[in-house]
$ cat start.cif   # mmCIF, C-alpha atoms
data_upload
#
loop_
_atom_site.label_atom_id
_atom_site.label_comp_id
_atom_site.auth_asym_id
_atom_site.auth_seq_id
_atom_site.Cartn_x
_atom_site.Cartn_y
_atom_site.Cartn_z
CA GLY A 89 137.50 278.80 157.68
CA GLY A 90 134.04 280.23 158.13
CA GLY A 91 131.66 279.77 161.04
CA GLY A 92 130.99 276.37 162.57
CA GLY A 93 128.05 274.14 161.75
CA MET A 94 125.49 276.72 162.81
CA LYS A 95 122.61 277.15 160.42
CA ARG A 96 121.65 280.63 159.37
CA ARG A 97 118.83 281.94 161.51
CA ALA A 98 115.60 282.84 159.80
CA PRO A 99 115.00 286.49 160.64
CA ARG A 100 112.43 286.87 163.38
CA SER A 101 110.39 289.24 161.21
CA THR A 102 110.18 286.64 158.42
CA LEU A 103 108.84 283.99 160.79
CA ARG A 104 106.33 286.48 162.13
CA LYS A 105 105.16 287.45 158.62
CA ILE A 106 104.70 283.81 157.59
CA ILE A 107 102.71 282.99 160.70
CA LYS A 108 100.66 286.17 160.54
CA LYS A 109 99.69 285.33 156.96
CA HIS A 110 98.68 281.71 157.63
CA LYS A 111 97.53 281.91 161.25
CA PRO A 112 96.48 285.50 161.92
CA GLN A 113 94.79 284.47 165.18
CA LEU A 114 98.14 283.45 166.71
CA ARG A 115 99.95 285.95 168.88
CA LEU A 116 103.66 285.26 169.06
CA ALA A 117 105.68 285.70 172.20
CA ALA A 118 109.02 287.46 171.87
CA ASN A 119 110.97 284.19 172.15
CA THR A 120 108.89 282.15 169.69
CA ASP A 121 111.76 282.04 167.21
CA LEU A 122 113.71 279.96 169.74
CA LEU A 123 110.92 277.39 169.64
CA PHE A 124 111.13 277.26 165.84
CA GLU A 125 114.87 276.86 165.96
CA SER A 126 114.61 273.93 168.34
CA LEU A 127 111.92 272.34 166.14
CA ILE A 128 114.11 272.73 163.06
CA PHE A 129 117.02 271.21 164.99
CA PHE A 130 115.01 268.22 166.28
CA PHE A 131 113.06 267.54 163.09
CA PRO A 132 115.71 265.23 161.55
CA LEU A 133 115.81 263.26 164.80
CA LEU A 134 112.02 262.94 164.72
CA LYS A 135 112.17 261.74 161.12
CA VAL A 136 114.64 259.01 162.10
CA HIS A 137 112.45 258.04 165.04
CA LEU A 138 109.33 257.88 162.87
CA SER A 139 111.11 255.80 160.23
CA PHE A 140 112.18 253.40 162.94
CA LEU A 141 108.63 253.16 164.31
CA LEU A 142 107.26 252.49 160.83
CA PHE A 143 109.88 249.79 160.33
CA LEU A 144 108.97 248.17 163.66
CA HIS A 145 105.29 248.28 162.74
CA ARG A 146 105.93 246.60 159.39
CA LEU A 147 108.14 244.02 161.04
CA ALA A 148 105.45 243.24 163.63
CA GLU A 149 102.73 242.94 160.97
CA GLU A 150 104.85 240.63 158.83
CA ALA A 151 105.88 238.50 161.84
CA ARG A 152 102.22 238.23 162.87
CA THR A 153 101.32 237.05 159.36
CA ASN A 154 104.12 234.47 159.49
CA ALA A 155 102.90 233.19 162.84
CA PHE A 156 99.33 232.96 161.55
CA GLU A 157 100.44 231.09 158.42
CA ASN A 158 102.38 228.65 160.62
CA LYS A 159 99.25 228.19 162.75
CA SER A 160 101.09 229.57 165.77
CA LYS A 161 99.21 231.57 168.37
CA ILE A 162 102.37 233.37 169.45
CA ILE A 163 104.97 235.25 167.43
CA LYS A 164 108.25 233.37 167.77
CA PRO A 165 111.78 234.63 167.01
CA GLU A 166 111.84 232.68 163.74
CA HIS A 167 108.70 234.54 162.59
CA VAL A 168 110.42 237.87 163.22
CA ILE A 169 113.64 236.74 161.51
CA ALA A 170 111.69 235.58 158.45
CA ALA A 171 109.81 238.89 158.42
CA ALA A 172 113.05 240.88 158.56
CA LYS A 173 114.31 239.08 155.44
CA VAL A 174 111.40 240.21 153.28
CA ILE A 175 111.07 243.83 154.46
#

$ encode --input "start.cif" --output "structure tokens"
Amino acid sequence: GGGGGMKRRAPRSTLRKIIKKHKPQLRLAANTDLLFESLIFFFPLLKVHLSFLLFLHRLAEEARTNAFENKSKIIKPEHVIAAAKVI
């Protein structure tokens, strides 16, 4: 059995080289690599959150269209249910 689920750390020097090349005006604090690690850790959670928001947006748009087609001024549960079936 090897180590747990910990990902290999990108060497601090590598991160610094990459940033220096692309953003030479940035000065990095000594603990900047911790920020990158937390971003890398949270990125999958952000992707799930964004996917969910995009889904909700599509659902709302489709439900609004259904309400409009049914000449309803408000979006009713049946409009949302019908929208969910076609997304």

$ atom_distance --input "start.cif" --atom1 "atom CA of Ile107 of chain A" --atom2 "atom CA of Lys135 of chain A"
23.3 Å

$ closest_residue --input "start.cif" --among "A:Ile175, A:Leu127, A:Glu157, A:Ser101" --to "Leu142 of chain A" --atoms "only C-alpha atoms"
A:Ile175

$ resolve_selection --input "start.cif" --expression "the PyMOL selection byres ((chain A and resi 144-151) around 12)" --output "VMD selection string"
chain A and resid 137 to 143 152 to 158 160 to 175

$ atom_distance --input "start.cif" --atom1 "atom CA of Pro112 of chain A" --atom2 "atom CA of Glu125 of chain A"
20.7 Å

$ atom_distance --input "start.cif" --atom1 "atom CA of Ile128 of chain A" --atom2 "atom CA of Lys105 of chain A"
17.8 Å
